[in-house]
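Novice: Quick one: the structure is below, and I'll ask about it shortly.
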Amino acid sequence: MTRRLAQVARKVGVSEATVSRVLNNKPGVSDTTRQAVLSALDVLGYERPTQLRGERARLVGLVLPELQNPIFPAFAEVVGGALAQQGLTPVLCTQTKGGVSEADYVELLLEQQVSGVVFAGGLYAQADAPHDHYKVLADRKIPVVLINASIGHLGFPCVSCDDAVAVDQAWRHLASLGHERIGLVLGPSDHMPSQRKLAAARKIAEDLGGDLPDERIVRAMFSLEGGQAATARLLDQGVTGVICASDPLALGAVRAARRRGLSVPDDVSVVGYDDSAFMNCTEPPLTTVRQPIEAMGRAAVELLSVQIGGRAVPSDELLFEPELVVRGSTAQAPRNRVH
């Protein structure tokens, strides 16, 4: 400790007593000297005292459920870049199966005295998941922004892609191609974005004079394998069009069709959701509904920055318009398909 004090004091050109005052967060030191001491600690490779870490880089937690779905690295890139422009540094927290939980990450971030937290695709979207850690953040008045639909009553500002518009676009596209037997592959039943997509699908089916029986609604975990298993069940129902709640689910749907010896899009049309990286490079290139990631990520950071600055923001949900991107995985409904 004495050696560290001496090294830092020499580097900055101040007394060891001054360095000690900074490290112990005591008054009587100018802001300029305080910053110089903290910078010297960083340059010399010493770890800052816990109570000064948050001060160093104005840290912001960025909590994601996974990195396998390309939509989450895409959000991380946009949010991270926008935070840097605001002088904030993202701390990426990714959950792994059987690893650190979202609640554990919140505890770690609070220990680091973060300035705020951005969540994308977290437990806030699942009605039956534990939500106590969100209450902890609210009680501590930590600025928080959620990306994509959350359960009610959390009280945090939220930036979402409009799930209802997304399904409306996808359904109308398939209907315009002559598809009448359309199925849905959604997330778990307590997943808010999936609930919104289902409500929209029921409405559009009714508006177009068709129907959406329960057997054409299948739940899945958000993975390629989940999409494949769910779509296999839909194919048993004779569907010719499949609308999926994510791009990995849609890639699983394509695989399920191929395993049956069916062609995409000649026998079965598939629509994804997100337009994440490389979906234009798949075979066939995936028709999907694009989330406006850039606009949503920047809006989330703006909402967070305003809160960090001490100003209130409305806890309303900002809804962003998605865009249907038509590629090669959708085509005219097959005329002679056996139902």
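Following the order of the structure tokens, chains are lettered A, B, ..., residues in each are numbered from 1, and ligands are numbered from 1.
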Run DSSP on the backbone and give me the residues of range 28-144 of chain A it puts in helix (DSSP H, G or I), as a PyMOL selection string.

Specialist: chain A and resi 31-43+50-57+71-85+102-111+123-125+132-139

Novice: Find the residues around range 250-254 of chain A up to 10 Å (only C-alpha atoms counted), leave out those fewer than 5 positions away in its own chain, and share them as a PDB file with N, CA, C and O atoms, in the first residue's frame.

Specialist:
ATOM      1  N   VAL A 185     -45.238 -19.471 -34.653  1.00  0.00           N
ATOM      2  CA  VAL A 185     -44.279 -20.020 -33.693  1.00  0.00           C
ATOM      3  C   VAL A 185     -43.880 -18.875 -32.772  1.00  0.00           C
ATOM      4  O   VAL A 185     -43.223 -17.922 -33.193  1.00  0.00           O
ATOM      5  N   SER A 223     -34.871 -20.599 -29.961  1.00  0.00           N
ATOM      6  CA  SER A 223     -33.656 -21.213 -30.520  1.00  0.00           C
ATOM      7  C   SER A 223     -34.012 -21.865 -31.847  1.00  0.00           C
ATOM      8  O   SER A 223     -35.187 -22.067 -32.163  1.00  0.00           O
ATOM      9  N   LEU A 224     -32.994 -22.201 -32.597  1.00  0.00           N
ATOM     10  CA  LEU A 224     -33.204 -22.884 -33.874  1.00  0.00           C
ATOM     11  C   LEU A 224     -33.903 -24.228 -33.656  1.00  0.00           C
ATOM     12  O   LEU A 224     -34.842 -24.582 -34.365  1.00  0.00           O
ATOM     13  N   GLU A 225     -33.447 -24.947 -32.624  1.00  0.00           N
ATOM     14  CA  GLU A 225     -34.044 -26.260 -32.331  1.00  0.00           C
ATOM     15  C   GLU A 225     -35.506 -26.118 -31.917  1.00  0.00           C
ATOM     16  O   GLU A 225     -36.351 -26.933 -32.295  1.00  0.00           O
ATOM     17  N   GLY A 226     -35.783 -25.044 -31.128  1.00  0.00           N
ATOM     18  CA  GLY A 226     -37.164 -24.790 -30.722  1.00  0.00           C
ATOM     19  C   GLY A 226     -38.058 -24.521 -31.918  1.00  0.00           C
ATOM     20  O   GLY A 226     -39.189 -25.014 -32.004  1.00  0.00           O
ATOM     21  N   GLY A 227     -37.536 -23.747 -32.861  1.00  0.00           N
ATOM     22  CA  GLY A 227     -38.295 -23.437 -34.073  1.00  0.00           C
ATOM     23  C   GLY A 227     -38.540 -24.660 -34.924  1.00  0.00           C
ATOM     24  O   GLY A 227     -39.625 -24.831 -35.506  1.00  0.00           O
ATOM     25  N   GLN A 228     -37.549 -25.542 -34.968  1.00  0.00           N
ATOM     26  CA  GLN A 228     -37.696 -26.763 -35.770  1.00  0.00           C
ATOM     27  C   GLN A 228     -38.771 -27.678 -35.185  1.00  0.00           C
ATOM     28  O   GLN A 228     -39.650 -28.158 -35.909  1.00  0.00           O
ATOM     29  N   ALA A 229     -38.738 -27.878 -33.879  1.00  0.00           N
ATOM     30  CA  ALA A 229     -39.719 -28.763 -33.231  1.00  0.00           C
ATOM     31  C   ALA A 229     -41.129 -28.195 -33.355  1.00  0.00           C
ATOM     32  O   ALA A 229     -42.087 -28.918 -33.648  1.00  0.00           O
ATOM     33  N   ALA A 230     -41.267 -26.885 -33.148  1.00  0.00           N
ATOM     34  CA  ALA A 230     -42.585 -26.243 -33.212  1.00  0.00           C
ATOM     35  C   ALA A 230     -43.162 -26.316 -34.621  1.00  0.00           C
ATOM     36  O   ALA A 230     -44.348 -26.609 -34.821  1.00  0.00           O
ATOM     37  N   THR A 231     -42.309 -26.066 -35.614  1.00  0.00           N
ATOM     38  CA  THR A 231     -42.778 -26.053 -37.003  1.00  0.00           C
ATOM     39  C   THR A 231     -43.175 -27.449 -37.461  1.00  0.00           C
ATOM     40  O   THR A 231     -44.121 -27.619 -38.250  1.00  0.00           O
ATOM     41  N   ALA A 232     -42.492 -28.461 -36.957  1.00  0.00           N
ATOM     42  CA  ALA A 232     -42.866 -29.840 -37.294  1.00  0.00           C
ATOM     43  C   ALA A 232     -44.322 -30.095 -36.899  1.00  0.00           C
ATOM     44  O   ALA A 232     -45.082 -30.740 -37.635  1.00  0.00           O
ATOM     45  N   LEU A 234     -46.662 -27.765 -36.660  1.00  0.00           N
ATOM     46  CA  LEU A 234     -47.512 -26.981 -37.563  1.00  0.00           C
ATOM     47  C   LEU A 234     -47.667 -27.667 -38.920  1.00  0.00           C
ATOM     48  O   LEU A 234     -48.739 -27.639 -39.523  1.00  0.00           O
ATOM     49  N   LEU A 235     -46.598 -28.287 -39.386  1.00  0.00           N
ATOM     50  CA  LEU A 235     -46.664 -28.976 -40.681  1.00  0.00           C
ATOM     51  C   LEU A 235     -47.652 -30.141 -40.608  1.00  0.00           C
ATOM     52  O   LEU A 235     -48.313 -30.466 -41.598  1.00  0.00           O
ATOM     53  N   VAL A 242     -45.683 -19.892 -42.234  1.00  0.00           N
ATOM     54  CA  VAL A 242     -45.288 -19.897 -40.826  1.00  0.00           C
ATOM     55  C   VAL A 242     -44.714 -18.525 -40.476  1.00  0.00           C
ATOM     56  O   VAL A 242     -43.781 -18.050 -41.139  1.00  0.00           O
ATOM     57  N   ILE A 243     -45.276 -17.904 -39.440  1.00  0.00           N
ATOM     58  CA  ILE A 243     -44.761 -16.633 -38.930  1.00  0.00           C
ATOM     59  C   ILE A 243     -44.068 -16.914 -37.603  1.00  0.00           C
ATOM     60  O   ILE A 243     -44.664 -17.496 -36.690  1.00  0.00           O
ATOM     61  N   CYS A 244     -42.801 -16.518 -37.494  1.00  0.00           N
ATOM     62  CA  CYS A 244     -41.994 -16.845 -36.309  1.00  0.00           C
ATOM     63  C   CYS A 244     -41.658 -15.588 -35.516  1.00  0.00           C
ATOM     64  O   CYS A 244     -41.486 -14.505 -36.082  1.00  0.00           O
ATOM     65  N   ALA A 245     -41.505 -15.743 -34.193  1.00  0.00           N
ATOM     66  CA  ALA A 245     -41.255 -14.606 -33.300  1.00  0.00           C
ATOM     67  C   ALA A 245     -39.788 -14.203 -33.232  1.00  0.00           C
ATOM     68  O   ALA A 245     -39.436 -13.281 -32.509  1.00  0.00           O
ATOM     69  N   ARG A 259     -36.559 -31.221 -43.585  1.00  0.00           N
ATOM     70  CA  ARG A 259     -36.523 -32.588 -43.041  1.00  0.00           C
ATOM     71  C   ARG A 259     -37.733 -33.390 -43.503  1.00  0.00           C
ATOM     72  O   ARG A 259     -37.695 -34.615 -43.526  1.00  0.00           O
ATOM     73  N   LEU A 262     -39.868 -30.992 -47.873  1.00  0.00           N
ATOM     74  CA  LEU A 262     -40.612 -29.865 -48.446  1.00  0.00           C
ATOM     75  C   LEU A 262     -39.656 -28.748 -48.833  1.00  0.00           C
ATOM     76  O   LEU A 262     -38.587 -28.572 -48.236  1.00  0.00           O
ATOM     77  N   SER A 263     -40.079 -27.978 -49.829  1.00  0.00           N
ATOM     78  CA  SER A 263     -39.261 -26.866 -50.298  1.00  0.00           C
ATOM     79  C   SER A 263     -39.745 -25.561 -49.657  1.00  0.00           C
ATOM     80  O   SER A 263     -40.941 -25.318 -49.518  1.00  0.00           O
ATOM     81  N   VAL A 264     -38.787 -24.726 -49.248  1.00  0.00           N
ATOM     82  CA  VAL A 264     -39.086 -23.345 -48.835  1.00  0.00           C
ATOM     83  C   VAL A 264     -38.531 -22.437 -49.933  1.00  0.00           C
ATOM     84  O   VAL A 264     -37.338 -22.484 -50.211  1.00  0.00           O
ATOM     85  N   PRO A 265     -39.367 -21.712 -50.661  1.00  0.00           N
ATOM     86  CA  PRO A 265     -40.747 -21.348 -50.343  1.00  0.00           C
ATOM     87  C   PRO A 265     -41.818 -22.062 -51.179  1.00  0.00           C
ATOM     88  O   PRO A 265     -42.991 -21.728 -51.038  1.00  0.00           O
ATOM     89  N   VAL A 268     -43.724 -24.380 -48.463  1.00  0.00           N
ATOM     90  CA  VAL A 268     -43.984 -23.665 -47.206  1.00  0.00           C
ATOM     91  C   VAL A 268     -43.260 -22.322 -47.235  1.00  0.00           C
ATOM     92  O   VAL A 268     -42.083 -22.260 -47.576  1.00  0.00           O
ATOM     93  N   SER A 269     -43.984 -21.258 -46.887  1.00  0.00           N
ATOM     94  CA  SER A 269     -43.375 -19.932 -46.755  1.00  0.00           C
ATOM     95  C   SER A 269     -43.084 -19.659 -45.289  1.00  0.00           C
ATOM     96  O   SER A 269     -43.881 -20.005 -44.410  1.00  0.00           O
ATOM     97  N   VAL A 270     -41.940 -19.008 -45.024  1.00  0.00           N
ATOM     98  CA  VAL A 270     -41.507 -18.738 -43.646  1.00  0.00           C
ATOM     99  C   VAL A 270     -41.158 -17.258 -43.503  1.00  0.00           C
ATOM    100  O   VAL A 270     -40.425 -16.703 -44.328  1.00  0.00           O
ATOM    101  N   VAL A 271     -41.688 -16.630 -42.430  1.00  0.00           N
ATOM    102  CA  VAL A 271     -41.365 -15.233 -42.119  1.00  0.00           C
ATOM    103  C   VAL A 271     -40.726 -15.172 -40.736  1.00  0.00           C
ATOM    104  O   VAL A 271     -41.258 -15.731 -39.770  1.00  0.00           O
ATOM    105  N   GLY A 272     -39.589 -14.500 -40.637  1.00  0.00           N
ATOM    106  CA  GLY A 272     -38.910 -14.330 -39.346  1.00  0.00           C
ATOM    107  C   GLY A 272     -39.262 -12.998 -38.708  1.00  0.00           C
ATOM    108  O   GLY A 272     -40.179 -12.289 -39.132  1.00  0.00           O
ATOM    109  N   TYR A 273     -38.490 -12.669 -37.665  1.00  0.00           N
ATOM    110  CA  TYR A 273     -38.703 -11.399 -36.961  1.00  0.00           C
ATOM    111  C   TYR A 273     -37.373 -10.949 -36.364  1.00  0.00           C
ATOM    112  O   TYR A 273     -36.733 -11.715 -35.637  1.00  0.00           O
ATOM    113  N   MET A 279     -29.243 -12.673 -42.217  1.00  0.00           N
ATOM    114  CA  MET A 279     -30.498 -13.281 -42.672  1.00  0.00           C
ATOM    115  C   MET A 279     -30.683 -13.131 -44.185  1.00  0.00           C
ATOM    116  O   MET A 279     -31.480 -13.852 -44.774  1.00  0.00           O
ATOM    117  N   THR A 282     -28.835 -16.433 -45.829  1.00  0.00           N
ATOM    118  CA  THR A 282     -29.309 -17.806 -45.628  1.00  0.00           C
ATOM    119  C   THR A 282     -29.818 -18.353 -46.960  1.00  0.00           C
ATOM    120  O   THR A 282     -29.934 -17.645 -47.945  1.00  0.00           O
ATOM    121  N   GLU A 283     -30.130 -19.646 -46.974  1.00  0.00           N
ATOM    122  CA  GLU A 283     -30.640 -20.263 -48.206  1.00  0.00           C
ATOM    123  C   GLU A 283     -31.982 -20.897 -47.924  1.00  0.00           C
ATOM    124  O   GLU A 283     -32.049 -21.913 -47.249  1.00  0.00           O
ATOM    125  N   PRO A 284     -33.116 -20.368 -48.397  1.00  0.00           N
ATOM    126  CA  PRO A 284     -33.182 -19.097 -49.127  1.00  0.00           C
ATOM    127  C   PRO A 284     -33.002 -17.901 -48.188  1.00  0.00           C
ATOM    128  O   PRO A 284     -33.165 -18.054 -46.976  1.00  0.00           O
ATOM    129  N   LEU A 286     -33.930 -14.931 -45.918  1.00  0.00           N
ATOM    130  CA  LEU A 286     -35.133 -14.962 -45.086  1.00  0.00           C
ATOM    131  C   LEU A 286     -35.980 -13.695 -45.212  1.00  0.00           C
ATOM    132  O   LEU A 286     -35.483 -12.580 -45.020  1.00  0.00           O
ATOM    133  N   THR A 287     -37.252 -13.892 -45.544  1.00  0.00           N
ATOM    134  CA  THR A 287     -38.235 -12.812 -45.411  1.00  0.00           C
ATOM    135  C   THR A 287     -38.466 -12.612 -43.917  1.00  0.00           C
ATOM    136  O   THR A 287     -38.726 -13.572 -43.181  1.00  0.00           O
ATOM    137  N   THR A 288     -38.369 -11.376 -43.451  1.00  0.00           N
ATOM    138  CA  THR A 288     -38.458 -11.131 -42.018  1.00  0.00           C
ATOM    139  C   THR A 288     -38.961  -9.718 -41.753  1.00  0.00           C
ATOM    140  O   THR A 288     -39.018  -8.894 -42.664  1.00  0.00           O
ATOM    141  N   SER A 329     -37.776 -16.488 -48.828  1.00  0.00           N
ATOM    142  CA  SER A 329     -38.399 -17.599 -48.067  1.00  0.00           C
ATOM    143  C   SER A 329     -39.923 -17.569 -48.125  1.00  0.00           C
ATOM    144  O   SER A 329     -40.577 -18.392 -47.482  1.00  0.00           O
TER     145      SER A 329
END

Novice: Show me, as a ChimeraX atom specification, the residues that have an atom within 8 Å of range 188-198 of chain A when counting only C-alpha atoms, minus same-chain residues fewer than 4 positions from it.

Specialist: /A:125-128,148-151,163-164,166-167,184,202,219-221,245

Novice: For the selection just defined, write its residues with N, CA, C and O atoms to a file, as an mmCIF file, in the first residue's frame.

Specialist:
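That gives us again-v4.cif:
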data_model
loop_
_atom_site.group_PDB
_atom_site.id
_atom_site.type_symbol
_atom_site.label_atom_id
_atom_site.label_comp_id
_atom_site.auth_asym_id
_atom_site.auth_seq_id
_atom_site.Cartn_x
_atom_site.Cartn_y
_atom_site.Cartn_z
ATOM 1 N N ALA A 125 -39.858 -9.218 -19.427
ATOM 2 C CA ALA A 125 -40.808 -9.546 -20.498
ATOM 3 C C ALA A 125 -41.644 -10.776 -20.175
ATOM 4 O O ALA A 125 -42.570 -11.105 -20.903
ATOM 5 N N GLN A 126 -41.314 -11.488 -19.068
ATOM 6 C CA GLN A 126 -42.020 -12.726 -18.719
ATOM 7 C C GLN A 126 -42.821 -12.525 -17.431
ATOM 8 O O GLN A 126 -42.255 -12.246 -16.372
ATOM 9 N N ALA A 127 -44.123 -12.689 -17.547
ATOM 10 C CA ALA A 127 -45.016 -12.429 -16.413
ATOM 11 C C ALA A 127 -44.735 -13.346 -15.231
ATOM 12 O O ALA A 127 -44.884 -12.939 -14.073
ATOM 13 N N ASP A 128 -44.333 -14.596 -15.483
ATOM 14 C CA ASP A 128 -44.171 -15.565 -14.403
ATOM 15 C C ASP A 128 -42.745 -15.640 -13.855
ATOM 16 O O ASP A 128 -42.456 -16.453 -12.981
ATOM 17 N N ASN A 148 -37.924 -3.464 -25.522
ATOM 18 C CA ASN A 148 -39.007 -4.380 -25.911
ATOM 19 C C ASN A 148 -39.917 -4.742 -24.736
ATOM 20 O O ASN A 148 -39.519 -4.703 -23.580
ATOM 21 N N ALA A 149 -41.154 -5.094 -25.104
ATOM 22 C CA ALA A 149 -42.302 -5.100 -24.187
ATOM 23 C C ALA A 149 -42.026 -5.736 -22.834
ATOM 24 O O ALA A 149 -41.423 -6.805 -22.744
ATOM 25 N N SER A 150 -42.514 -5.066 -21.794
ATOM 26 C CA SER A 150 -42.360 -5.572 -20.429
ATOM 27 C C SER A 150 -43.735 -5.867 -19.837
ATOM 28 O O SER A 150 -44.755 -5.434 -20.360
ATOM 29 N N ILE A 151 -43.723 -6.584 -18.724
ATOM 30 C CA ILE A 151 -44.975 -6.772 -17.993
ATOM 31 C C ILE A 151 -45.398 -5.417 -17.413
ATOM 32 O O ILE A 151 -44.584 -4.507 -17.304
ATOM 33 N N ASP A 163 -45.055 -4.956 -31.844
ATOM 34 C CA ASP A 163 -45.313 -6.368 -32.170
ATOM 35 C C ASP A 163 -46.567 -6.541 -33.011
ATOM 36 O O ASP A 163 -46.614 -7.387 -33.906
ATOM 37 N N ALA A 164 -47.591 -5.741 -32.715
ATOM 38 C CA ALA A 164 -48.860 -5.864 -33.444
ATOM 39 C C ALA A 164 -48.677 -5.508 -34.916
ATOM 40 O O ALA A 164 -49.154 -6.218 -35.811
ATOM 41 N N ALA A 166 -45.883 -5.629 -36.571
ATOM 42 C CA ALA A 166 -45.005 -6.652 -37.165
ATOM 43 C C ALA A 166 -45.811 -7.848 -37.666
ATOM 44 O O ALA A 166 -45.628 -8.314 -38.802
ATOM 45 N N VAL A 167 -46.702 -8.360 -36.821
ATOM 46 C CA VAL A 167 -47.509 -9.518 -37.206
ATOM 47 C C VAL A 167 -48.491 -9.140 -38.311
ATOM 48 O O VAL A 167 -48.728 -9.918 -39.246
ATOM 49 N N LEU A 184 -48.358 -19.907 -36.288
ATOM 50 C CA LEU A 184 -47.462 -19.029 -35.528
ATOM 51 C C LEU A 184 -46.518 -19.850 -34.658
ATOM 52 O O LEU A 184 -46.945 -20.805 -34.002
ATOM 53 N N ARG A 202 -54.663 -12.942 -34.118
ATOM 54 C CA ARG A 202 -56.096 -13.279 -34.025
ATOM 55 C C ARG A 202 -56.944 -12.189 -34.681
ATOM 56 O O ARG A 202 -57.908 -12.471 -35.390
ATOM 57 N N ARG A 219 -45.862 -22.892 -29.109
ATOM 58 C CA ARG A 219 -44.877 -22.205 -28.271
ATOM 59 C C ARG A 219 -43.529 -22.898 -28.363
ATOM 60 O O ARG A 219 -43.465 -24.118 -28.520
ATOM 61 N N ALA A 220 -42.463 -22.124 -28.240
ATOM 62 C CA ALA A 220 -41.125 -22.706 -28.337
ATOM 63 C C ALA A 220 -40.136 -21.882 -27.534
ATOM 64 O O ALA A 220 -40.366 -20.701 -27.264
ATOM 65 N N MET A 221 -39.026 -22.494 -27.160
ATOM 66 C CA MET A 221 -37.900 -21.727 -26.630
ATOM 67 C C MET A 221 -37.274 -20.990 -27.816
ATOM 68 O O MET A 221 -37.319 -21.462 -28.949
ATOM 69 N N ALA A 245 -41.505 -15.743 -34.193
ATOM 70 C CA ALA A 245 -41.255 -14.606 -33.300
ATOM 71 C C ALA A 245 -39.788 -14.203 -33.232
ATOM 72 O O ALA A 245 -39.436 -13.281 -32.509
#

Novice: My list of candidates is A:Val29, A:Ala36, A:Leu324, A:Ile142. Which is closest to Pro292 in chain A when distances are computed with only C-alpha atoms?

Specialist: A:Leu324

Novice: Just the residues within 8 Å of Ile182 in chain A, please, counting only C-alpha atoms, with nothing from its chain fewer than 3 positions along; format it as a ChimeraX atom specification.

Specialist: /A:171,174,179,212,216,239-243

Novice: Grab the residues selected above and save them as an mmCIF file, in the first residue's frame with N, CA, C and O atoms.

Specialist:
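Dumped to result.cif:
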data_model
loop_
_atom_site.group_PDB
_atom_site.id
_atom_site.type_symbol
_atom_site.label_atom_id
_atom_site.label_comp_id
_atom_site.auth_asym_id
_atom_site.auth_seq_id
_atom_site.Cartn_x
_atom_site.Cartn_y
_atom_site.Cartn_z
ATOM 1 N N TRP A 171 -48.573 -11.197 -41.686
ATOM 2 C CA TRP A 171 -49.798 -11.938 -42.029
ATOM 3 C C TRP A 171 -50.362 -11.457 -43.365
ATOM 4 O O TRP A 171 -50.733 -12.264 -44.225
ATOM 5 N N LEU A 174 -48.341 -12.825 -46.290
ATOM 6 C CA LEU A 174 -48.648 -14.225 -46.623
ATOM 7 C C LEU A 174 -50.047 -14.345 -47.241
ATOM 8 O O LEU A 174 -50.244 -15.096 -48.208
ATOM 9 N N HIS A 179 -51.939 -17.534 -49.067
ATOM 10 C CA HIS A 179 -51.882 -18.477 -47.939
ATOM 11 C C HIS A 179 -53.106 -18.300 -47.047
ATOM 12 O O HIS A 179 -53.429 -17.183 -46.645
ATOM 13 N N LEU A 212 -57.809 -18.456 -36.761
ATOM 14 C CA LEU A 212 -56.529 -18.925 -36.240
ATOM 15 C C LEU A 212 -56.820 -19.921 -35.119
ATOM 16 O O LEU A 212 -56.849 -19.568 -33.945
ATOM 17 N N ARG A 216 -52.828 -24.117 -34.519
ATOM 18 C CA ARG A 216 -51.855 -23.440 -35.392
ATOM 19 C C ARG A 216 -51.025 -22.408 -34.623
ATOM 20 O O ARG A 216 -50.347 -21.582 -35.221
ATOM 21 N N VAL A 239 -50.162 -26.448 -42.483
ATOM 22 C CA VAL A 239 -49.971 -25.019 -42.755
ATOM 23 C C VAL A 239 -49.079 -24.828 -43.992
ATOM 24 O O VAL A 239 -48.221 -25.664 -44.288
ATOM 25 N N THR A 240 -49.300 -23.739 -44.696
ATOM 26 C CA THR A 240 -48.439 -23.401 -45.838
ATOM 27 C C THR A 240 -47.626 -22.148 -45.572
ATOM 28 O O THR A 240 -46.725 -21.824 -46.331
ATOM 29 N N GLY A 241 -47.953 -21.429 -44.485
ATOM 30 C CA GLY A 241 -47.202 -20.235 -44.105
ATOM 31 C C GLY A 241 -46.923 -20.245 -42.617
ATOM 32 O O GLY A 241 -47.795 -20.588 -41.814
ATOM 33 N N VAL A 242 -45.683 -19.892 -42.234
ATOM 34 C CA VAL A 242 -45.288 -19.897 -40.826
ATOM 35 C C VAL A 242 -44.714 -18.525 -40.476
ATOM 36 O O VAL A 242 -43.781 -18.050 -41.139
ATOM 37 N N ILE A 243 -45.276 -17.904 -39.440
ATOM 38 C CA ILE A 243 -44.761 -16.633 -38.930
ATOM 39 C C ILE A 243 -44.068 -16.914 -37.603
ATOM 40 O O ILE A 243 -44.664 -17.496 -36.690
#

Novice: List the neighbours of Gln332 in chain A out to 8 Å using only C-alpha atoms; skip same-chain residues closer than 6 positions along the sequence, and give me the result as a list in words.

Specialist: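 Result of the neighbour search: Leu177, Gly178, His179 and Asp266 of chain A.
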
Novice: Filtering to N, CA, C and O atoms, could you give me those residues as a PDB file, in the first residue's frame?

Specialist:
ATOM      1  N   LEU A 177     -50.216 -13.568 -50.809  1.00  0.00           N
ATOM      2  CA  LEU A 177     -49.636 -14.626 -51.641  1.00  0.00           C
ATOM      3  C   LEU A 177     -50.571 -15.848 -51.726  1.00  0.00           C
ATOM      4  O   LEU A 177     -50.199 -16.878 -52.281  1.00  0.00           O
ATOM      5  N   GLY A 178     -51.758 -15.729 -51.146  1.00  0.00           N
ATOM      6  CA  GLY A 178     -52.746 -16.801 -51.246  1.00  0.00           C
ATOM      7  C   GLY A 178     -52.727 -17.800 -50.111  1.00  0.00           C
ATOM      8  O   GLY A 178     -53.437 -18.811 -50.146  1.00  0.00           O
ATOM      9  N   HIS A 179     -51.939 -17.534 -49.067  1.00  0.00           N
ATOM     10  CA  HIS A 179     -51.882 -18.477 -47.939  1.00  0.00           C
ATOM     11  C   HIS A 179     -53.106 -18.300 -47.047  1.00  0.00           C
ATOM     12  O   HIS A 179     -53.429 -17.183 -46.645  1.00  0.00           O
ATOM     13  N   ASP A 266     -41.445 -23.032 -52.037  1.00  0.00           N
ATOM     14  CA  ASP A 266     -42.448 -23.606 -52.954  1.00  0.00           C
ATOM     15  C   ASP A 266     -43.581 -24.314 -52.216  1.00  0.00           C
ATOM     16  O   ASP A 266     -44.747 -24.212 -52.609  1.00  0.00           O
TER      17      ASP A 266
END
